[in-house]
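Working notes, beginning with the structure itself.
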Amino acid sequence: MRPTQINIVGKSKRIFNTLDLRGSGRYGDLIHRIEAGAIIQLSDKVEKAEDLNNLIQYLVRSGIPRSDVRIKYPNQAATEMLREKISSNLRESGLTFGADVAEHDAGLRRYFITTDAYTLIQTGQRHLVVGPKGSGKSAILRELSKTIGHCLVITPEHYATDVLESLKKSPVGTDLTAYVTTWKYTLLIEIFRQLIKTGEGDSAALGEIRKYLVAHNHLSGDLSLFERFMAYLRRISTIRGKIGPTGAELGLDTTKELEKLFKMDELLALIPALRRALRRKTFTVFIDELDQSWNNSETANRFLVSLLTAAIQLRGIDENLHVIVFLRSEIFDLLKPTIAQLDKLRSDIEQIQWSSRELKNLIVSRAFDSIGINPDRTGADSALSVLFPGVVPGCNAPLFDYVLSRTSHRPREVIQFSNLILKVARQLDAASIIPDAVLRAEEEFSAWKLEYVVSENLFIYPRLDALFDRFRGQKKKWSQNELDSFLTEVLLNMDEDNDAPPWLREILEPSKLLEVLYQLEVFGIERPGVPTPDGREWEGYDFAFSRPKARPEQSPSFLFHPGLWKTLELI
């Protein structure tokens with residue numbers, strides 16, 4: 001198939017714009033014209049991709065990574081090129097579905113999927129992004145931080161453990177007010193520092209801010225954000241310790257000093273200057289990775305609640321100041337009852353959910369990118385019929401639909417499973433991804449999924465593996481009465497099990513345990529009146545990732561998540 005264009009993507013466009021390809025005369029016969037946007041329109045003398053090898057090698061030698069050199073074919077031919085590339089030799093095709101962790105994915109920006117959730121966050125309509133691990137929170141943050149001009153990214157995973165240990169020893173204990181004040185102070189200082197660093201905005205306003213930062217050694221000091229956080233909290237702790245329990249030993253001056261710290265008078269006096277600095281631009285603070293050292297302790301939970309409260313309050317300073325927090329959904333569900341200003345958050349929350357269509361687009365875009373084809377408007381379904389041809393024996397499900405059914409519709413799971421299938425297909429020396437590769441890969445992926453559910457909930461529902469063992473060898477599908485009886489027996493046996501985790505001992509009703517298992521995406525609930533083909537029971541059930549607010553106790557039947565069938569040997 002004859003290629004029509006070479007597109008240079010990413011930051012490599014700047015390198016490309018310094019090159020004189022036509023002037024060199026070496027590649028002139030291959031080039032029809034060069035267009036704005038780092039696009040090479042190819043001449044009719046280019047009949048196949050191999051004709052471009054020397055030109056591409058020159059671009060790479062000039063400093064442009066091969067992954068940024070994209071060969072484009074006619075729109076209708078992209079799927080056929082994909083078929084040709086894969087069928088010739090799957091092992092040597094270069095096909096991959098990319099890294100499953102955003103921080104390790106060098107090509108993320110090239111094949112990032114713009115979802116409705118992303119658009120709502122980008123346009124400032126959502127400021128709390130909630131989703132389980134692997135749902136794409138960090139990918140959204142990474143893409144936003146590159147497209148939004150003025151921003152500050154805070155990922156405190158490197159400090160969180162030390163901070164939580166220090167907080168445990170702090171005289172203020174888990175004082176929420178002290179935490180909120182310290183968060184507001186710390187975040188404002190970081191915002192001020194970043195504004196001075198960029199130097200853009202009202203010069204008089206920036207002068208006022210700089211004067212304050214210099215006077216308090218915040219501009220040239222080498223303290224990290226969390227060292228600054230702890231320093232301010234220690235000042236509050238020290239003065240409060242001096243005042244003592246009666247609040248009268250050291251008189252009015254000490255009390256006023258403490259009040260001054262809580263009110264942050266000097267810092268808040270700079271808010272008018274901040275507003276002037278932001279008059280013609282927005283400034284966004286992104287906060288992510290807060291769960292890295294989270295352990296469900298009172299200190300850890302207060303630490304996060306105070307951050308959310310501070311974020312709400314800072315947003316009220318100016319319409320051009322945004323603080324966007326990314327948080328795991330199960331942690332947020334635990335914190336909600338303790339957030340005093342939750343009502344102010346309701347319309348600000350974006351719960352990340354992925355549709356089958358979006359996940360298909362994600363896999364297809366990564367596949368095309370890995371083999372250097374620009375698909376333009378090629379439909380995902382036609383490309384998937386090439387990538388995952390055929391159906392699974394016994395249930396007649398299309399291969400990729402089967403893959404999705406074994407996941408919780410999270411990008412990381414879908415990418416991991418797809419890459420594992422590709423690995424197995426290559427081990428089998430298959431000419432393409434075949435059903436046998438999917439079924440063999442499922443055995444390992446199912447074990448991964450069980451481990452993932454257990455580790456993800458380690459601090460909320462410890463020893464989940466012991467509970468799962470009780471289901472080993474049991475049925476995939478349960479009636480309401482069958483599951484109620486089984487869960488009742490599990491709870492009754494807790495009295496005889498000295499090793500049973502406290503959370504399980506505290507559950508007295510089987511309906512409560514059912515609710516936990518539903519929220520953990522272990523059991524799905526029936527969709528009444530939905531016919532399902534033989535062997536594809538999962539198509540008639542909803543799981544918590546698609547219906548998080550459903551009431552599972554009202555379902556007439558339940559289905560174990562298909563992703564756990566293999567590892568638990570369900571029948």
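Letters for chains follow the order of the structure tokens (A, B, ...), residue numbers begin at 1 for each chain, and ligand numbers begin at 1 in the order shown.
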Non-local contacts of Leu422 of chain A (9 Å; only C-alpha atoms; under 2 positions in same chain excluded) as a PDB file with N, CA and C atoms, in the first residue's frame:
ATOM      1  N   LEU A  90       3.947 -11.618  13.178  1.00  0.00           N
ATOM      2  CA  LEU A  90       3.475 -11.012  14.427  1.00  0.00           C
ATOM      3  C   LEU A  90       4.635 -10.720  15.368  1.00  0.00           C
ATOM      4  N   LEU A  95       4.285  -4.698  17.052  1.00  0.00           N
ATOM      5  CA  LEU A  95       2.997  -4.435  17.698  1.00  0.00           C
ATOM      6  C   LEU A  95       3.121  -4.507  19.216  1.00  0.00           C
ATOM      7  N   THR A  96       2.577  -3.501  19.877  1.00  0.00           N
ATOM      8  CA  THR A  96       2.461  -3.496  21.332  1.00  0.00           C
ATOM      9  C   THR A  96       1.289  -2.593  21.693  1.00  0.00           C
ATOM     10  N   PHE A  97       0.792  -2.738  22.902  1.00  0.00           N
ATOM     11  CA  PHE A  97      -0.308  -1.891  23.346  1.00  0.00           C
ATOM     12  C   PHE A  97       0.154  -0.849  24.352  1.00  0.00           C
ATOM     13  N   PHE A 417      -3.835  -6.968  30.083  1.00  0.00           N
ATOM     14  CA  PHE A 417      -4.364  -8.215  29.538  1.00  0.00           C
ATOM     15  C   PHE A 417      -4.026  -8.321  28.046  1.00  0.00           C
ATOM     16  N   SER A 418      -4.176  -7.220  27.317  1.00  0.00           N
ATOM     17  CA  SER A 418      -3.897  -7.247  25.876  1.00  0.00           C
ATOM     18  C   SER A 418      -2.428  -7.534  25.607  1.00  0.00           C
ATOM     19  N   ASN A 419      -1.540  -6.916  26.369  1.00  0.00           N
ATOM     20  CA  ASN A 419      -0.110  -7.181  26.193  1.00  0.00           C
ATOM     21  C   ASN A 419       0.253  -8.611  26.573  1.00  0.00           C
ATOM     22  N   LEU A 420      -0.406  -9.142  27.588  1.00  0.00           N
ATOM     23  CA  LEU A 420      -0.157 -10.524  27.992  1.00  0.00           C
ATOM     24  C   LEU A 420      -0.615 -11.485  26.889  1.00  0.00           C
ATOM     25  N   VAL A 424       1.702 -14.200  24.754  1.00  0.00           N
ATOM     26  CA  VAL A 424       1.397 -15.623  24.616  1.00  0.00           C
ATOM     27  C   VAL A 424       1.278 -16.005  23.144  1.00  0.00           C
ATOM     28  N   ALA A 425       0.642 -15.145  22.334  1.00  0.00           N
ATOM     29  CA  ALA A 425       0.504 -15.428  20.902  1.00  0.00           C
ATOM     30  C   ALA A 425       1.872 -15.570  20.247  1.00  0.00           C
ATOM     31  N   ARG A 426       2.810 -14.736  20.633  1.00  0.00           N
ATOM     32  CA  ARG A 426       4.165 -14.835  20.076  1.00  0.00           C
ATOM     33  C   ARG A 426       4.859 -16.109  20.542  1.00  0.00           C
ATOM     34  N   GLN A 427       4.627 -16.482  21.791  1.00  0.00           N
ATOM     35  CA  GLN A 427       5.216 -17.724  22.297  1.00  0.00           C
ATOM     36  C   GLN A 427       4.688 -18.937  21.531  1.00  0.00           C
ATOM     37  N   SER A 432      -1.274 -14.525  14.266  1.00  0.00           N
ATOM     38  CA  SER A 432      -2.086 -13.424  14.768  1.00  0.00           C
ATOM     39  C   SER A 432      -2.514 -13.775  16.196  1.00  0.00           C
ATOM     40  N   ILE A 433      -3.236 -12.865  16.809  1.00  0.00           N
ATOM     41  CA  ILE A 433      -3.800 -13.173  18.131  1.00  0.00           C
ATOM     42  C   ILE A 433      -4.940 -14.161  17.922  1.00  0.00           C
ATOM     43  N   ALA A 437      -4.550 -18.152  22.469  1.00  0.00           N
ATOM     44  CA  ALA A 437      -3.681 -17.215  23.182  1.00  0.00           C
ATOM     45  C   ALA A 437      -4.464 -16.445  24.239  1.00  0.00           C
ATOM     46  N   VAL A 438      -5.695 -16.061  23.919  1.00  0.00           N
ATOM     47  CA  VAL A 438      -6.539 -15.339  24.870  1.00  0.00           C
ATOM     48  C   VAL A 438      -6.844 -16.218  26.082  1.00  0.00           C
ATOM     49  N   ALA A 441      -3.694 -16.819  28.227  1.00  0.00           N
ATOM     50  CA  ALA A 441      -3.327 -15.598  28.948  1.00  0.00           C
ATOM     51  C   ALA A 441      -4.305 -15.320  30.085  1.00  0.00           C
TER      52      ALA A 441
END
- request: Show which residues sit within 9 Å of segment 386-388 of chain A, as a PyMOL selection string. Count only C-alpha atoms, and ignore same-chain residues fewer than 6 positions away.
  value: chain A and resi 79-80+82-83+86+364+367+398-400+432-435
Using only C-alpha atoms, which protein or nucleic acid residues come within 12 Å of Asp469 of chain A? Drop anything in the same chain fewer than 6 positions from it, and give the result as a ChimeraX atom specification. /A:450,454,463,490,564,567-570
* To do: Choose the residue, out of A:Val403, A:Leu188, A:Val130, A:Ile373, that has the smallest atom-to-atom separation from Ile6 of chain A; count only C-alpha atoms.
  =>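 Among the listed residues, A:Ile373 lies closest to Ile6 of chain A.
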query: Can you tell me how far atom CA of Phe283 of chain A sits from atom CA of Arg126 of chain A, in Å to one decimal?
result: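 Atom CA of Phe283 of chain A sits 14.7 Å away from atom CA of Arg126 of chain A.
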Test item: residues at most 8 Å from Ala205 of chain A, only C-alpha atoms, excluding those fewer than 5 positions along its chain, as JSON, numbers by chain:
{"A": [273, 274, 276, 277]}
Residue with smallest distance to Gly124 of chain A - pool A:Tyr452, A:Ile148, A:Arg33, A:Ser220, counting only C-alpha atoms: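 Of A:Tyr452, A:Ile148, A:Arg33, A:Ser220, the one nearest Gly124 of chain A, counting only C-alpha atoms, is A:Ile148.
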### Task
Using atom CA of Arg357 of chain A and atom CA of Leu439 of chain A as the two end points, give the distance in Å to one decimal.
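A separation of 22.7 Å between them.
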Within 12 Å of Leu404 of chain A, counting only C-alpha atoms, which residues qualify if same-chain residues fewer than 2 places away don't, as a PyMOL selection string?
chain A and resi 354-360+363+388+397-402+406-418+438+442+538-539+561-563
Restricting the output to C-alpha atoms, write the selected residues as a tab-separated table (two decimals), in the first residue's frame.
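The file below, out-v8.tsv, is the result:
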chain	number	residue	atom	x	y	z
A	354	TRP	CA	-14.86	4.12	30.77
A	355	SER	CA	-17.26	2.88	28.13
A	356	SER	CA	-16.50	-0.12	25.92
A	357	ARG	CA	-16.21	2.23	22.97
A	358	GLU	CA	-13.57	4.39	24.69
A	359	LEU	CA	-11.55	1.34	25.72
A	360	LYS	CA	-11.65	0.00	22.17
A	363	ILE	CA	-6.33	-0.14	22.38
A	388	PHE	CA	-8.30	-9.75	17.68
A	397	ALA	CA	-17.90	-14.04	21.90
A	398	PRO	CA	-15.71	-11.78	19.72
A	399	LEU	CA	-12.18	-11.95	21.10
A	400	PHE	CA	-11.86	-8.36	22.29
A	401	ASP	CA	-15.36	-8.32	23.82
A	402	TYR	CA	-14.25	-11.38	25.77
A	406	ARG	CA	-12.55	-10.13	32.15
A	407	THR	CA	-11.63	-6.61	33.28
A	408	SER	CA	-13.32	-3.93	35.35
A	409	HIS	CA	-13.21	-1.55	32.39
A	410	ARG	CA	-10.06	0.17	33.63
A	411	PRO	CA	-7.44	1.14	31.04
A	412	ARG	CA	-4.57	-0.40	32.99
A	413	GLU	CA	-6.26	-3.81	33.18
A	414	VAL	CA	-7.21	-3.76	29.50
A	415	ILE	CA	-3.67	-2.82	28.47
A	416	GLN	CA	-2.09	-5.43	30.76
A	417	PHE	CA	-4.36	-8.21	29.54
A	418	SER	CA	-3.90	-7.25	25.88
A	438	VAL	CA	-6.54	-15.34	24.87
A	442	GLU	CA	-6.57	-15.48	30.92
A	538	TRP	CA	-21.88	-11.67	31.91
A	539	GLU	CA	-23.78	-9.72	29.27
A	561	HIS	CA	-16.87	-11.41	38.02
A	562	PRO	CA	-15.62	-13.41	34.99
A	563	GLY	CA	-12.10	-12.13	35.56
Counting only C-alpha atoms, closest pick from A:Glu319, A:Leu517, A:Glu482, A:Tyr58 relative to Phe468 of chain A is A:Leu517
Please list as a CSV table (one decimal) with C-alpha atoms, in the first residue's frame every residue within 10 Å of segment 102-114 of chain A, counting only C-alpha atoms and excluding residues in the same chain fewer than 5 positions away.
chain,number,residue,atom,x,y,z
A,9,VAL,CA,4.6,14.5,16.1
A,10,GLY,CA,5.4,15.9,19.6
A,67,SER,CA,8.4,6.9,17.4
A,68,ASP,CA,7.8,10.5,16.4
A,119,THR,CA,-13.0,17.7,28.8
A,134,GLY,CA,-5.7,2.1,36.9
A,136,GLY,CA,-6.4,6.8,34.1
A,137,LYS,CA,-6.2,9.6,36.7
A,138,SER,CA,-2.5,10.1,36.3
A,139,ALA,CA,-2.8,10.0,32.5
A,140,ILE,CA,-5.3,12.8,32.6
A,141,LEU,CA,-3.1,14.8,35.0
A,142,ARG,CA,0.0,14.3,32.8
A,143,GLU,CA,-1.8,15.4,29.6
A,146,LYS,CA,1.3,19.7,29.3
A,358,GLU,CA,-13.6,4.4,24.7
A,359,LEU,CA,-11.5,1.3,25.7
A,361,ASN,CA,-10.4,3.3,20.8
A,362,LEU,CA,-7.6,3.3,23.4
A,363,ILE,CA,-6.3,-0.1,22.4
A,364,VAL,CA,-6.6,0.6,18.6
A,365,SER,CA,-4.8,3.9,18.9
A,366,ARG,CA,-1.9,2.3,20.8
A,367,ALA,CA,-1.7,-0.5,18.3
A,368,PHE,CA,-1.5,1.8,15.3
A,369,ASP,CA,1.1,4.0,17.0
A,370,SER,CA,3.3,1.0,17.8
A,412,ARG,CA,-4.6,-0.4,33.0
The distance between atom CA of Pro132 of chain A and atom CA of Arg328 of chain A is 5.0 Å
Residue with the minimum atom-to-atom distance to Leu307 of chain A, picked from A:Leu334, A:Leu345, A:Leu176, A:Leu514 with only C-alpha atoms counted, is A:Leu176
| query | When DSSP works through the backbone of this structure, what residues of segment 410-568 of chain A end up as strand (DSSP E), shown as a list in words? | reply |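 Matching residues for strand (DSSP E) in segment 410-568 of chain A are Lys477, Trp478, Ser479, Phe523, Gly524, Ile525, Glu526, Tyr541, Asp542, Ser557, Phe558, Leu559 and Phe560 of chain A.
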Go ahead and write the selection's residues with N, CA and C atoms as a CSV table (one decimal), in the first residue's frame.
chain,number,residue,atom,x,y,z
A,477,LYS,N,-22.6,-18.5,39.2
A,477,LYS,CA,-23.9,-17.8,39.2
A,477,LYS,C,-24.7,-18.3,40.4
A,478,TRP,N,-25.3,-17.3,41.2
A,478,TRP,CA,-26.0,-17.7,42.4
A,478,TRP,C,-27.4,-17.0,42.4
A,479,SER,N,-28.4,-17.7,42.9
A,479,SER,CA,-29.7,-17.1,43.1
A,479,SER,C,-29.6,-16.3,44.4
A,523,PHE,N,-19.1,-9.4,42.7
A,523,PHE,CA,-20.3,-9.9,42.2
A,523,PHE,C,-21.0,-8.8,41.4
A,524,GLY,N,-21.7,-9.3,40.3
A,524,GLY,CA,-22.5,-8.4,39.5
A,524,GLY,C,-24.0,-8.7,39.8
A,525,ILE,N,-24.8,-7.8,39.5
A,525,ILE,CA,-26.3,-7.9,39.7
A,525,ILE,C,-27.0,-8.0,38.4
A,526,GLU,N,-28.1,-8.7,38.4
A,526,GLU,CA,-28.9,-9.0,37.2
A,526,GLU,C,-29.5,-7.8,36.6
A,541,TYR,N,-25.4,-8.9,33.3
A,541,TYR,CA,-25.2,-8.5,34.6
A,541,TYR,C,-24.4,-7.2,34.6
A,542,ASP,N,-24.7,-6.3,35.6
A,542,ASP,CA,-24.0,-5.1,35.8
A,542,ASP,C,-23.1,-5.2,37.0
A,557,SER,N,-30.6,-12.5,41.1
A,557,SER,CA,-29.4,-13.4,41.0
A,557,SER,C,-28.1,-12.6,40.9
A,558,PHE,N,-27.0,-13.3,41.0
A,558,PHE,CA,-25.7,-12.7,41.1
A,558,PHE,C,-24.7,-13.5,40.3
A,559,LEU,N,-23.7,-12.8,39.7
A,559,LEU,CA,-22.7,-13.5,38.9
A,559,LEU,C,-21.3,-13.0,39.4
A,560,PHE,N,-20.5,-14.0,39.7
A,560,PHE,CA,-19.1,-13.7,40.1
A,560,PHE,C,-18.4,-13.1,38.9
Using only C-alpha atoms, the residue out of A:Val129, A:Val530, A:Val516, A:Leu223 with shortest distance to Arg551 of chain A is A:Val516
Using only C-alpha atoms, which of A:Gln292, A:Lys281, A:Glu506, A:Asn493 sits nearest Asp318 of chain A?
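The answer is A:Lys281, which sits nearest to Asp318 of chain A.
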For Phe286 of chain A, work out the shell of residues within 7 Å, counting only C-alpha atoms and skipping chain neighbours fewer than 4 positions away, then give it as a ChimeraX atom specification.
-> /A:152-154,323-325
From a backbone DSSP assignment, name each residue in segment 288-469 of chain A labelled helix (DSSP H, G or I), as a ChimeraX atom specification. /A:298-315,329-338,342-344,346-348,356-370,380-387,399-405,411-427,435-456,464-469
